[in-house]
>>> print(open('start.csv').read())   # CSV, C-alpha atoms and all ligand atoms
chain,number,residue,atom,x,y,z
A,1,MET,CA,-15.2,8.0,1.3
A,2,GLN,CA,-17.0,4.7,2.1
A,3,SER,CA,-14.5,2.0,3.2
A,4,TRP,CA,-15.3,-1.7,3.3
A,5,PRO,CA,-16.5,-4.1,6.0
A,6,GLY,CA,-13.8,-5.4,8.4
A,7,PRO,CA,-13.2,-9.1,8.9
A,8,PRO,CA,-13.5,-10.3,12.5
A,9,ILE,CA,-10.1,-10.8,14.1
A,10,PRO,CA,-9.8,-13.5,16.8
A,11,LYS,CA,-8.1,-12.5,20.0
A,12,LEU,CA,-5.0,-14.7,20.7
A,13,PRO,CA,-3.7,-15.7,24.1
A,14,GLY,CA,-0.7,-13.7,25.3
A,15,ARG,CA,0.7,-10.8,23.3
A,16,GLY,CA,2.6,-10.4,20.0
A,17,LEU,CA,6.2,-9.2,19.7
A,18,PRO,CA,7.4,-5.8,18.6
A,19,LEU,CA,7.5,-5.6,14.8
A,20,ARG,CA,10.8,-5.1,13.0
A,21,LEU,CA,10.5,-3.9,9.4
A,22,PHE,CA,12.9,-3.0,6.6
A,23,ASP,CA,13.1,0.8,6.3
A,24,SER,CA,14.0,2.1,2.8
A,25,ALA,CA,15.4,5.4,4.2
A,26,THR,CA,18.1,3.7,6.3
A,27,SER,CA,18.3,0.4,4.4
A,28,GLN,CA,18.0,-1.5,7.6
A,29,ILE,CA,15.5,-3.8,9.4
A,30,ARG,CA,14.6,-1.6,12.4
A,31,PRO,CA,12.0,-2.1,15.2
A,32,THR,CA,8.8,-0.1,14.8
A,33,SER,CA,8.0,1.6,18.1
A,34,PRO,CA,4.4,2.7,18.0
A,35,GLY,CA,2.6,4.2,21.0
A,36,ALA,CA,-0.8,3.1,22.1
A,37,THR,CA,-2.1,3.8,18.6
A,38,ALA,CA,0.1,3.0,15.6
A,39,GLY,CA,-0.2,5.3,12.6
A,40,MET,CA,0.2,4.0,9.1
A,41,TYR,CA,-0.5,5.5,5.7
A,42,VAL,CA,-0.7,3.2,2.7
A,43,CYS,CA,-1.0,4.8,-0.7
A,44,GLY,CA,-4.2,3.7,-2.4
A,45,ILE,CA,-5.2,3.1,-6.0
A,46,THR,CA,-5.9,5.4,-9.0
A,47,PRO,CA,-9.2,3.7,-9.9
A,48,TYR,CA,-9.0,3.4,-13.7
A,49,ASP,CA,-8.6,-0.3,-13.8
A,50,ALA,CA,-9.3,-3.3,-11.6
A,51,THR,CA,-7.1,-4.6,-8.7
A,52,HIS,CA,-4.4,-6.8,-10.0
A,53,LEU,CA,-2.3,-9.3,-8.0
A,54,GLY,CA,0.5,-6.7,-7.7
A,55,HIS,CA,-1.8,-4.4,-5.8
A,56,ALA,CA,-3.2,-7.3,-3.8
A,57,ALA,CA,0.3,-8.3,-2.7
A,58,THR,CA,1.1,-4.8,-1.5
A,59,TYR,CA,-2.1,-4.3,0.5
A,60,LEU,CA,-1.7,-7.8,1.9
A,61,ALA,CA,1.8,-6.9,3.2
A,62,PHE,CA,0.5,-3.9,5.1
A,63,ASP,CA,-2.5,-5.8,6.3
A,64,LEU,CA,0.0,-8.1,8.1
A,65,VAL,CA,1.7,-5.0,9.6
A,66,ASN,CA,-1.7,-4.0,10.9
A,67,ARG,CA,-2.5,-7.4,12.3
A,68,VAL,CA,0.9,-7.8,14.0
A,69,TRP,CA,0.6,-4.4,15.7
A,70,ARG,CA,-2.9,-5.3,16.9
A,71,ASP,CA,-1.7,-8.6,18.3
A,72,GLY,CA,1.0,-6.6,20.1
A,73,GLY,CA,-1.7,-4.6,21.9
A,74,HIS,CA,-1.8,-1.5,19.7
A,75,ASP,CA,-4.7,0.2,18.1
A,76,VAL,CA,-4.0,1.0,14.5
A,77,HIS,CA,-4.9,4.2,12.7
A,78,LEU,CA,-4.7,3.3,9.0
A,79,VAL,CA,-5.2,6.0,6.4
A,80,GLN,CA,-5.5,5.3,2.7
A,81,ASN,CA,-6.3,7.5,-0.2
A,82,VAL,CA,-8.0,7.0,-3.5
A,83,THR,CA,-6.5,9.1,-6.3
A,84,ASP,CA,-9.9,9.7,-7.9
A,85,ILE,CA,-8.7,12.5,-10.1
A,86,ASP,CA,-5.4,12.3,-12.0
A,87,ASP,CA,-4.1,12.0,-15.6
A,88,PRO,CA,-4.3,8.1,-15.9
A,89,LEU,CA,-8.0,8.2,-14.9
A,90,LEU,CA,-8.8,11.0,-17.4
A,91,GLU,CA,-6.8,9.3,-20.2
A,92,ARG,CA,-8.5,5.9,-19.7
A,93,ALA,CA,-12.0,7.6,-19.5
A,94,GLU,CA,-11.3,9.4,-22.8
A,95,ARG,CA,-10.0,6.3,-24.5
A,96,ASP,CA,-13.1,4.4,-23.5
A,97,HIS,CA,-15.5,7.3,-24.1
A,98,GLU,CA,-16.6,7.1,-20.5
A,99,ASP,CA,-17.3,9.6,-17.7
A,100,TRP,CA,-14.1,9.8,-15.6
A,101,MET,CA,-16.2,10.1,-12.4
A,102,VAL,CA,-18.3,7.0,-13.2
A,103,LEU,CA,-15.2,5.0,-14.1
A,104,GLY,CA,-13.5,6.0,-10.8
A,105,MET,CA,-16.6,5.1,-8.8
A,106,ARG,CA,-16.9,1.7,-10.5
A,107,GLU,CA,-13.3,0.7,-10.1
A,108,THR,CA,-13.3,1.9,-6.5
A,109,ALA,CA,-16.3,-0.3,-5.8
A,110,LEU,CA,-14.6,-3.3,-7.3
A,111,PHE,CA,-11.5,-2.6,-5.2
A,112,ARG,CA,-13.6,-2.6,-2.1
A,113,GLU,CA,-15.1,-6.0,-3.1
A,114,ASP,CA,-11.6,-7.4,-3.8
A,115,MET,CA,-10.3,-6.1,-0.4
A,116,THR,CA,-13.3,-7.5,1.4
A,117,ALA,CA,-12.9,-10.9,-0.3
A,118,LEU,CA,-9.1,-11.0,0.6
A,119,ARG,CA,-10.0,-10.1,4.2
A,120,ILE,CA,-7.9,-6.9,4.3
A,121,VAL,CA,-8.6,-4.9,7.4
A,122,PRO,CA,-10.1,-1.7,6.1
A,123,PRO,CA,-8.5,1.7,6.7
A,124,THR,CA,-9.8,3.9,9.5
A,125,ASP,CA,-9.9,6.8,7.1
A,126,TYR,CA,-10.4,6.1,3.4
A,127,VAL,CA,-10.1,9.4,1.7
A,128,GLY,CA,-10.6,10.5,-2.0
A,129,ALA,CA,-8.5,13.1,-3.7
A,130,VAL,CA,-11.5,15.1,-4.8
A,131,GLU,CA,-13.0,15.2,-1.3
A,132,SER,CA,-9.7,16.5,0.0
A,133,ILE,CA,-9.1,19.3,-2.5
A,134,ASP,CA,-9.6,22.0,0.1
A,135,GLU,CA,-7.0,20.6,2.5
A,136,THR,CA,-4.6,20.0,-0.3
A,137,VAL,CA,-4.9,23.6,-1.5
A,138,ALA,CA,-4.3,24.8,2.0
A,139,LEU,CA,-0.9,23.1,1.9
A,140,ILE,CA,-0.1,24.5,-1.5
A,141,VAL,CA,-0.9,28.0,-0.3
A,142,ALA,CA,1.4,27.4,2.7
A,143,LEU,CA,4.2,26.3,0.5
A,144,LEU,CA,3.7,29.3,-1.9
A,145,ASP,CA,3.8,31.7,1.1
A,146,ASP,CA,7.0,30.1,2.3
A,147,GLY,CA,8.6,30.3,-1.1
A,148,ALA,CA,9.0,26.5,-1.3
A,149,ALA,CA,6.5,26.5,-4.2
A,150,TYR,CA,6.2,28.7,-7.3
A,151,ARG,CA,3.9,29.4,-10.1
A,152,LEU,CA,5.1,28.9,-13.7
A,153,GLU,CA,5.1,32.1,-15.6
A,154,ASP,CA,3.5,30.7,-18.8
A,155,GLY,CA,-0.1,31.5,-18.0
A,156,THR,CA,-1.1,27.8,-17.3
A,157,GLY,CA,-1.6,28.4,-13.6
A,158,ASP,CA,0.6,25.4,-12.8
A,159,VAL,CA,2.3,25.4,-9.4
A,160,TYR,CA,5.5,23.5,-8.7
A,161,TYR,CA,7.4,22.5,-5.6
A,162,ASP,CA,11.1,23.6,-5.4
A,163,VAL,CA,13.0,20.4,-4.3
A,164,ALA,CA,16.0,22.6,-3.5
A,165,ARG,CA,14.0,23.9,-0.6
A,166,SER,CA,14.0,20.5,1.0
A,167,GLU,CA,17.0,20.1,3.3
A,168,ARG,CA,17.2,16.4,3.2
A,169,PHE,CA,15.8,15.8,-0.3
A,170,GLY,CA,16.7,12.2,-1.4
A,171,TYR,CA,17.0,10.7,2.1
A,172,GLU,CA,13.9,8.5,1.7
A,173,SER,CA,15.0,6.7,-1.5
A,174,GLY,CA,18.8,7.2,-1.2
A,175,LEU,CA,19.0,7.4,-5.0
A,176,SER,CA,21.7,9.3,-7.0
A,177,GLY,CA,20.6,12.4,-8.9
A,178,GLU,CA,20.8,10.5,-12.2
A,179,ALA,CA,18.6,7.6,-10.9
A,180,MET,CA,16.1,10.1,-9.6
A,181,LEU,CA,15.8,11.8,-13.0
A,182,GLY,CA,15.3,8.4,-14.6
A,183,PHE,CA,12.5,7.4,-12.3
A,184,PHE,CA,11.0,10.9,-12.4
A,185,ALA,CA,10.6,10.8,-16.2
A,186,GLU,CA,9.4,7.2,-16.1
A,187,ARG,CA,6.8,7.7,-13.4
A,188,GLY,CA,4.8,10.7,-14.3
A,189,GLY,CA,7.3,13.5,-13.8
A,190,ASP,CA,8.2,16.2,-16.4
A,191,PRO,CA,11.9,16.8,-16.1
A,192,ASP,CA,12.0,18.8,-19.4
A,193,ARG,CA,9.2,21.1,-18.7
A,194,GLY,CA,10.4,24.7,-19.4
A,195,GLY,CA,10.3,27.3,-16.7
A,196,LYS,CA,11.0,25.0,-13.7
A,197,ARG,CA,13.7,25.9,-11.2
A,198,ASN,CA,14.9,22.3,-11.0
A,199,ARG,CA,14.3,19.4,-13.3
A,200,LEU,CA,13.0,17.2,-10.5
A,201,ASP,CA,10.4,19.7,-9.2
A,202,PRO,CA,7.0,18.0,-9.2
A,203,HIS,CA,3.8,19.8,-9.9
A,204,LEU,CA,1.5,20.6,-6.9
A,205,TRP,CA,-1.4,22.0,-8.9
A,206,ARG,CA,-2.3,21.8,-12.5
A,207,GLY,CA,-4.1,24.9,-13.7
A,208,ALA,CA,-7.4,24.4,-15.5
A,209,ARG,CA,-7.2,23.2,-19.1
A,210,ALA,CA,-10.0,23.1,-21.7
A,211,GLY,CA,-11.8,19.7,-21.5
A,212,GLU,CA,-10.4,18.7,-18.1
A,213,PRO,CA,-12.3,18.8,-14.8
A,214,SER,CA,-11.1,21.6,-12.5
A,215,TRP,CA,-12.0,23.1,-9.2
A,216,ALA,CA,-12.0,26.7,-8.1
A,217,SER,CA,-9.5,27.3,-5.3
A,218,ALA,CA,-7.3,29.9,-3.6
A,219,VAL,CA,-4.5,29.0,-6.0
A,220,GLY,CA,-6.8,29.4,-9.0
A,221,PRO,CA,-8.9,26.9,-10.9
A,222,GLY,CA,-7.3,23.5,-11.5
A,223,ARG,CA,-6.7,20.2,-9.9
A,224,PRO,CA,-4.2,18.7,-7.4
A,225,GLY,CA,-1.0,16.8,-8.0
A,226,TRP,CA,-0.7,13.3,-6.6
A,227,HIS,CA,2.2,13.7,-4.2
A,228,ILE,CA,0.7,16.7,-2.4
A,229,GLU,CA,-2.6,14.9,-2.2
A,230,CYS,CA,-1.1,12.1,-0.1
A,231,THR,CA,0.9,14.6,2.0
A,232,ALA,CA,-2.3,16.5,2.9
A,233,ILE,CA,-4.4,13.4,3.7
A,234,ALA,CA,-1.7,11.9,5.8
A,235,LEU,CA,-0.7,15.1,7.7
A,236,ASN,CA,-4.2,16.0,8.6
A,237,ARG,CA,-5.0,12.6,10.0
A,238,LEU,CA,-1.7,11.2,11.4
A,239,GLY,CA,0.5,14.3,11.8
A,240,MET,CA,4.2,14.2,11.4
A,241,ALA,CA,6.5,11.2,12.4
A,242,PHE,CA,3.8,8.6,12.0
A,243,ASP,CA,5.0,5.0,12.2
A,244,VAL,CA,4.9,3.6,8.6
A,245,GLN,CA,4.5,5.1,5.1
A,246,GLY,CA,3.8,2.2,2.8
A,247,GLY,CA,3.3,1.3,-0.8
A,248,GLY,CA,4.7,-0.7,-3.7
A,249,SER,CA,8.4,-0.3,-4.4
A,250,ASP,CA,7.6,1.7,-7.5
A,251,LEU,CA,6.3,4.5,-5.1
A,252,MET,CA,9.7,4.9,-3.4
A,253,PHE,CA,10.6,7.5,-5.9
A,254,PRO,CA,9.4,10.0,-6.7
A,255,HIS,CA,6.1,9.6,-4.9
A,256,HIS,CA,7.1,8.9,-1.3
A,257,GLU,CA,10.2,11.2,-1.5
A,258,MET,CA,8.1,14.1,-2.7
A,259,SER,CA,5.3,13.5,-0.2
A,260,ALA,CA,7.8,13.5,2.6
A,261,ALA,CA,9.6,16.6,1.2
A,262,HIS,CA,6.3,18.5,1.0
A,263,ALA,CA,5.3,17.7,4.5
A,264,GLU,CA,8.8,18.5,5.9
A,265,SER,CA,8.8,21.9,4.1
A,266,VAL,CA,5.3,22.8,5.3
A,267,THR,CA,5.9,21.9,9.0
A,268,GLY,CA,9.6,22.6,9.3
A,269,ARG,CA,9.8,19.2,11.1
A,270,TRP,CA,11.3,15.9,10.2
A,271,PRO,CA,10.6,13.1,9.5
A,272,PHE,CA,7.3,12.7,7.7
A,273,ALA,CA,7.3,9.0,8.6
A,274,ARG,CA,9.5,6.9,10.9
A,275,HIS,CA,9.6,3.9,8.5
A,276,TYR,CA,9.3,3.9,4.7
A,277,VAL,CA,8.3,0.4,3.8
A,278,HIS,CA,8.0,-1.0,0.2
A,279,ALA,CA,6.5,-4.2,-1.1
A,280,GLY,CA,8.1,-5.9,-4.1
A,281,MET,CA,6.5,-6.2,-7.5
A,282,ILE,CA,4.6,-9.2,-8.8
A,283,GLY,CA,5.6,-10.3,-12.3
A,284,LEU,CA,4.0,-12.3,-15.0
A,285,HIS,CA,5.8,-14.0,-17.9
A,286,GLY,CA,9.1,-12.3,-17.0
A,287,ALA,CA,7.9,-8.7,-16.6
A,288,LYS,CA,6.5,-6.6,-13.7
A,289,MET,CA,2.7,-6.8,-13.7
A,290,SER,CA,1.7,-3.3,-14.7
A,291,LYS,CA,-1.2,-1.5,-16.4
A,292,SER,CA,1.1,0.0,-19.0
A,293,ARG,CA,2.4,-3.5,-20.0
A,294,GLY,CA,-1.1,-5.0,-19.9
A,295,ASN,CA,0.1,-8.3,-18.3
A,296,LEU,CA,-2.3,-8.2,-15.5
A,297,VAL,CA,-4.1,-10.9,-13.5
A,298,PHE,CA,-7.1,-9.4,-11.8
A,299,VAL,CA,-8.3,-10.4,-8.4
A,300,SER,CA,-11.9,-10.0,-9.6
A,301,ARG,CA,-11.2,-12.2,-12.6
A,302,LEU,CA,-10.0,-15.0,-10.3
A,303,ARG,CA,-12.9,-14.5,-8.0
A,304,GLY,CA,-15.2,-14.7,-11.1
A,305,GLU,CA,-13.6,-18.1,-11.9
A,306,LYS,CA,-14.5,-19.2,-8.4
A,307,VAL,CA,-11.0,-19.3,-7.1
A,308,ASP,CA,-11.0,-19.2,-3.2
A,309,PRO,CA,-9.8,-15.7,-2.2
A,310,MET,CA,-8.0,-17.4,0.7
A,311,ALA,CA,-6.0,-19.4,-1.9
A,312,ILE,CA,-5.0,-16.1,-3.5
A,313,ARG,CA,-4.0,-14.7,-0.1
A,314,THR,CA,-2.0,-17.9,0.7
A,315,ALA,CA,-0.3,-17.9,-2.7
A,316,LEU,CA,0.9,-14.3,-2.3
A,317,LEU,CA,2.1,-14.8,1.3
A,318,ALA,CA,4.2,-17.8,0.1
A,319,GLY,CA,6.8,-15.3,-1.1
A,320,HIS,CA,8.4,-12.6,1.0
A,321,TYR,CA,6.7,-9.2,0.7
A,322,ARG,CA,9.9,-7.4,-0.3
A,323,GLU,CA,10.9,-9.8,-3.1
A,324,ASP,CA,10.0,-9.1,-6.7
A,325,ARG,CA,8.5,-12.4,-7.6
A,326,PRO,CA,6.6,-14.0,-10.5
A,327,TRP,CA,3.0,-15.1,-10.4
A,328,THR,CA,2.4,-18.5,-11.9
A,329,PRO,CA,-0.7,-20.8,-12.1
A,330,SER,CA,1.3,-23.4,-10.1
A,331,LEU,CA,1.6,-21.0,-7.2
A,332,LEU,CA,-2.2,-20.9,-7.0
A,333,ASP,CA,-2.4,-24.8,-7.2
A,334,GLN,CA,0.2,-25.1,-4.4
A,335,ALA,CA,-1.7,-22.7,-2.3
A,336,GLN,CA,-5.0,-24.5,-2.8
A,337,ALA,CA,-3.3,-27.8,-1.9
A,338,ARG,CA,-1.7,-26.2,1.2
A,339,LEU,CA,-5.1,-24.7,2.3
A,340,ALA,CA,-6.8,-28.1,1.8
A,341,ARG,CA,-4.2,-29.8,4.1
A,342,TRP,CA,-4.5,-27.1,6.8
A,343,ARG,CA,-8.3,-27.3,6.7
A,344,GLU,CA,-8.3,-31.1,6.9
A,345,ALA,CA,-5.9,-31.0,9.8
A,346,VAL,CA,-7.9,-28.5,11.9
A,347,SER,CA,-11.1,-30.4,11.1
A,348,LEU,CA,-9.7,-33.4,13.0
A,349,GLY,CA,-10.5,-31.6,16.2
A,350,VAL,CA,-7.3,-32.8,17.9
A,351,GLY,CA,-3.6,-32.3,17.2
A,352,PRO,CA,-0.3,-31.5,18.7
A,353,ASP,CA,-0.1,-28.6,21.2
A,354,ALA,CA,-0.4,-25.4,19.2
A,355,GLY,CA,1.3,-23.1,21.7
A,356,PRO,CA,4.7,-23.5,20.0
A,357,LEU,CA,3.1,-22.8,16.7
A,358,LEU,CA,1.7,-19.5,17.9
A,359,ASP,CA,5.0,-18.5,19.4
A,360,SER,CA,6.8,-19.3,16.1
A,361,VAL,CA,4.4,-17.5,13.8
A,362,ARG,CA,4.5,-14.5,16.1
A,363,ARG,CA,8.3,-14.5,16.1
A,364,GLN,CA,8.5,-15.0,12.3
A,365,LEU,CA,6.1,-12.3,11.4
A,366,ALA,CA,7.7,-9.8,13.8
A,367,ASP,CA,11.0,-10.4,11.9
A,368,ASP,CA,10.2,-8.2,8.8
A,369,LEU,CA,7.0,-10.3,8.0
A,370,ASP,CA,8.7,-13.6,7.3
A,371,THR,CA,5.6,-15.2,5.9
A,372,VAL,CA,7.6,-17.9,4.1
A,373,ASN,CA,8.6,-19.5,7.4
A,374,ALA,CA,5.4,-18.7,9.1
A,375,LEU,CA,3.5,-20.7,6.5
A,376,SER,CA,6.0,-23.6,6.9
A,377,THR,CA,5.4,-23.6,10.6
A,378,VAL,CA,1.7,-24.1,10.0
A,379,ASP,CA,2.6,-26.8,7.4
A,380,ARG,CA,4.6,-28.7,10.0
A,381,TRP,CA,1.8,-28.6,12.6
A,382,ALA,CA,-0.7,-29.8,9.9
A,383,ALA,CA,1.5,-32.7,8.9
A,384,GLU,CA,1.8,-33.8,12.5
A,385,ALA,CA,-1.9,-33.5,13.1
A,386,LEU,CA,-2.6,-35.5,9.9
A,387,GLN,CA,-0.3,-38.3,11.2
A,388,HIS,CA,-2.5,-38.3,14.3
A,389,SER,CA,0.3,-37.3,16.6
A,390,GLY,CA,-1.0,-35.2,19.5
A,391,ARG,CA,-4.3,-35.3,21.3
A,392,ASP,CA,-4.7,-31.7,22.3
A,393,THR,CA,-8.4,-30.9,21.9
A,394,GLY,CA,-7.8,-27.1,22.0
A,395,ALA,CA,-5.1,-27.1,19.3
A,396,SER,CA,-7.3,-26.9,16.2
A,397,GLN,CA,-9.1,-23.8,17.4
A,398,LEU,CA,-5.8,-22.1,18.4
A,399,VAL,CA,-4.3,-22.9,15.0
A,400,SER,CA,-7.4,-21.6,13.2
A,401,ASP,CA,-7.3,-18.4,15.3
A,402,THR,CA,-3.6,-17.9,14.8
A,403,VAL,CA,-3.8,-18.3,11.0
A,404,ASP,CA,-6.9,-16.1,10.9
A,405,ALA,CA,-5.7,-13.3,13.3
A,406,LEU,CA,-2.1,-13.0,12.1
A,407,LEU,CA,-2.1,-14.2,8.5
A,408,GLY,CA,-5.7,-13.2,7.7
A,409,ILE,CA,-6.5,-16.6,6.3
A,410,ALA,CA,-9.8,-18.1,7.3
A,411,LEU,CA,-9.8,-21.9,7.4
A,501,ZN,ZN,0.5,8.2,-1.9
>>> encode(input="start.csv", output="structure tokens", more="lines below")
Ligand code: ZN
Amino acid sequence: MQSWPGPPIPKLPGRGLPLRLFDSATSQIRPTSPGATAGMYVCGITPYDATHLGHAATYLAFDLVNRVWRDGGHDVHLVQNVTDIDDPLLERAERDHEDWMVLGMRETALFREDMTALRIVPPTDYVGAVESIDETVALIVALLDDGAAYRLEDGTGDVYYDVARSERFGYESGLSGEAMLGFFAERGGDPDRGGKRNRLDPHLWRGARAGEPSWASAVGPGRPGWHIECTAIALNRLGMAFDVQGGGSDLMFPHHEMSAAHAESVTGRWPFARHYVHAGMIGLHGAKMSKSRGNLVFVSRLRGEKVDPMAIRTALLAGHYREDRPWTPSLLDQAQARLARWREAVSLGVGPDAGPLLDSVRRQLADDLDTVNALSTVDRWAAEALQHSGRDTGASQLVSDTVDALLGIAL
């Protein structure tokens, strides 16, 4: 699938520090330890609606991971999917009397525009669910052959994964069985479906139904489930034990748990990913921003209102990526004022030595992406420059480059 154009990334003097990130599986901040090429899979959108600020915050967090690794001398192999066939897309298309494929293409195009405007470094591999059906089916066949998957005997052609076949099931989220069942029911699972071996078993393949799109395959006509889609796309491009599996915290269970279990069953190896990293939710008026609640602020809408995408970026980075946090108009006002100060400061052409700023921002971001303090570091430099303290003629450029390369904010 077509990705989007990458922003230029200035090269900074010296080298960045090893990145430490909070890992959901161990509930610890642990160092990432990529080789020459870091591997990261960040779950993509289901394109039935536009990118809201919750999505933007998640992709921004993993964009910083990408940038910090690059600054540390690594290449980054980033893989992202587009779930361009799934129930929510079909339901929205039916509601709006629209072709599901056209809806998916339009929202994916808008997502690319939003990501480009926010200066998110594009994935190396951007892969749609539909274009990866063959590789997804190959995994389902392997799981069936191994007995880790089974076909329901009700004539639907539906295939399920047997979670009891996963030795470490639950390690990724660390949730109790009861909590798992709650999230499973809430987030697209079907705990009460008859004929399953275990209530938590997720579907791998949905047999063809009248009025729904389906594809011929070795497991019969139908369409793929979401968790196995991500497993296939990640495994075939990154292999096992890649560095970071990322997404919003609402993907921790069941999505990331199931994707990992599928991969570990298929390969007989562990782990799927070395870090499972989750971004917090953005709220509006006291509730998590979500499509089902309808309390969304769209990136495209703000762009349409001529809001500077760099102000959106700055506003979202003003909170820590793991915190659930509210979006308010004043957050955007503060970000615009902050950006204006930074831009005025670098436009002076001289300022205090920026070497310490680079060191600080590197250290802060390497510490589980502490953007709150990194932004304060830039604030302090800007305040000093605006007081005309410091006559370093190279400082402005180094500050611009640091803010651009590491925070993705173009001044
Ligand atoms: Zn995924």
>>> atom_distance(input="start.csv", atom1="CA of Val361 (chain A)", atom2="CA of Ala374 (chain A)")
5.0 Å
>>> closest_residue(input="start.csv", among="A:His256, A:His262, A:Arg303, A:Arg343", to="ligand ZN 501 (chain A)", atoms="all atoms listed in the file")
A:His256
>>> residues_around(input="start.csv", residues="His74 (chain A)", least_positions_apart="4", cutoff="10 Å", atoms="all atoms listed in the file", output="JSON, numbers by chain")
{"A": [16, 34, 35, 36, 37, 38, 39, 66, 67, 68, 69, 70]}
>>> write_last_selection(input="start.csv", atoms="C-alpha atoms", output="CSV table (one decimal), keeping the file's coordinate frame")
chain,number,residue,atom,x,y,z
A,16,GLY,CA,2.6,-10.4,20.0
A,34,PRO,CA,4.4,2.7,18.0
A,35,GLY,CA,2.6,4.2,21.0
A,36,ALA,CA,-0.8,3.1,22.1
A,37,THR,CA,-2.1,3.8,18.6
A,38,ALA,CA,0.1,3.0,15.6
A,39,GLY,CA,-0.2,5.3,12.6
A,66,ASN,CA,-1.7,-4.0,10.9
A,67,ARG,CA,-2.5,-7.4,12.3
A,68,VAL,CA,0.9,-7.8,14.0
A,69,TRP,CA,0.6,-4.4,15.7
A,70,ARG,CA,-2.9,-5.3,16.9
>>> residues_near_ligand(input="start.csv", ligand="ligand ZN 501 (chain A)", cutoff="7 Å", atoms="all atoms listed in the file", output="list in words")
Val42, Cys43, Gly44, His227, Cys230, His255 and His256 of chain A
>>> atom_distance(input="start.csv", atom1="CA of Pro123 (chain A)", atom2="CA of Ser3 (chain A)")
7.0 Å
>>> closest_residue(input="start.csv", among="A:Asp158, A:Glu229, A:Asp49, A:Glu167", to="Trp205 (chain A)", atoms="all atoms listed in the file")
A:Asp158
>>> residues_around(input="start.csv", residues="Thr51 (chain A)", least_positions_apart="6", cutoff="7 Å", atoms="all atoms listed in the file", output="list in words")
Phe111, Phe298 and Val299 of chain A
>>> closest_residue(input="start.csv", among="A:Ala232, A:Ala57, A:Leu398, A:Ala383", to="Gly128 (chain A)", atoms="all atoms listed in the file")
A:Ala232
>>> closest_residue(input="start.csv", among="A:Phe184, A:Trp4, A:Trp327, A:Trp100", to="Leu53 (chain A)", atoms="all atoms listed in the file")
A:Trp327
>>> atom_distance(input="start.csv", atom1="CA of Asp353 (chain A)", atom2="CA of Leu407 (chain A)")
19.3 Å
>>> residues_around(input="start.csv", residues="region 274-283 of chain A", least_positions_apart="4", cutoff="7 Å", atoms="only C-alpha atoms", output="PDB file with C-alpha atoms, in the coordinates of the input")
ATOM      1  CA  PHE A  22      12.900  -3.000   6.600  1.00  0.00           C
ATOM      2  CA  ASP A  23      13.100   0.800   6.300  1.00  0.00           C
ATOM      3  CA  SER A  24      14.000   2.100   2.800  1.00  0.00           C
ATOM      4  CA  ALA A  25      15.400   5.400   4.200  1.00  0.00           C
ATOM      5  CA  LEU A  53      -2.300  -9.300  -8.000  1.00  0.00           C
ATOM      6  CA  GLY A  54       0.500  -6.700  -7.700  1.00  0.00           C
ATOM      7  CA  THR A  58       1.100  -4.800  -1.500  1.00  0.00           C
ATOM      8  CA  ALA A  61       1.800  -6.900   3.200  1.00  0.00           C
ATOM      9  CA  ALA A 241       6.500  11.200  12.400  1.00  0.00           C
ATOM     10  CA  PHE A 242       3.800   8.600  12.000  1.00  0.00           C
ATOM     11  CA  ASP A 243       5.000   5.000  12.200  1.00  0.00           C
ATOM     12  CA  VAL A 244       4.900   3.600   8.600  1.00  0.00           C
ATOM     13  CA  GLN A 245       4.500   5.100   5.100  1.00  0.00           C
ATOM     14  CA  GLY A 246       3.800   2.200   2.800  1.00  0.00           C
ATOM     15  CA  GLY A 247       3.300   1.300  -0.800  1.00  0.00           C
ATOM     16  CA  GLY A 248       4.700  -0.700  -3.700  1.00  0.00           C
ATOM     17  CA  SER A 249       8.400  -0.300  -4.400  1.00  0.00           C
ATOM     18  CA  ALA A 287       7.900  -8.700 -16.600  1.00  0.00           C
ATOM     19  CA  LYS A 288       6.500  -6.600 -13.700  1.00  0.00           C
ATOM     20  CA  MET A 289       2.700  -6.800 -13.700  1.00  0.00           C
ATOM     21  CA  TYR A 321       6.700  -9.200   0.700  1.00  0.00           C
ATOM     22  CA  ARG A 322       9.900  -7.400  -0.300  1.00  0.00           C
ATOM     23  CA  GLU A 323      10.900  -9.800  -3.100  1.00  0.00           C
ATOM     24  CA  ASP A 324      10.000  -9.100  -6.700  1.00  0.00           C
ATOM     25  CA  ARG A 325       8.500 -12.400  -7.600  1.00  0.00           C
ATOM     26  CA  PRO A 326       6.600 -14.000 -10.500  1.00  0.00           C
ATOM     27  CA  TRP A 327       3.000 -15.100 -10.400  1.00  0.00           C
TER      28      TRP A 327
END
>>> closest_residue(input="start.csv", among="A:Val163, A:Met105, A:Leu12, A:Ala208", to="Ser400 (chain A)", atoms="all atoms listed in the file")
A:Leu12
>>> closest_residue(input="start.csv", among="A:Ser290, A:Thr231, A:Ser347, A:Asn81", to="Ala260 (chain A)", atoms="only C-alpha atoms")
A:Thr231
>>> residues_around(input="start.csv", residues="Thr46 (chain A)", least_positions_apart="2", cutoff="6 Å", atoms="only C-alpha atoms", output="count of residues only")
3
>>> residues_near_point(input="start.csv", point="(-2.3, 27.3, -18.0)", cutoff="8 Å", atoms="all atoms listed in the file", output="PDB file with C-alpha atoms, in the coordinates of the input")
ATOM      1  CA  ASP A 154       3.500  30.700 -18.800  1.00  0.00           C
ATOM      2  CA  GLY A 155      -0.100  31.500 -18.000  1.00  0.00           C
ATOM      3  CA  THR A 156      -1.100  27.800 -17.300  1.00  0.00           C
ATOM      4  CA  GLY A 157      -1.600  28.400 -13.600  1.00  0.00           C
ATOM      5  CA  ASP A 158       0.600  25.400 -12.800  1.00  0.00           C
ATOM      6  CA  ARG A 206      -2.300  21.800 -12.500  1.00  0.00           C
ATOM      7  CA  GLY A 207      -4.100  24.900 -13.700  1.00  0.00           C
ATOM      8  CA  ALA A 208      -7.400  24.400 -15.500  1.00  0.00           C
ATOM      9  CA  ARG A 209      -7.200  23.200 -19.100  1.00  0.00           C
TER      10      ARG A 209
END
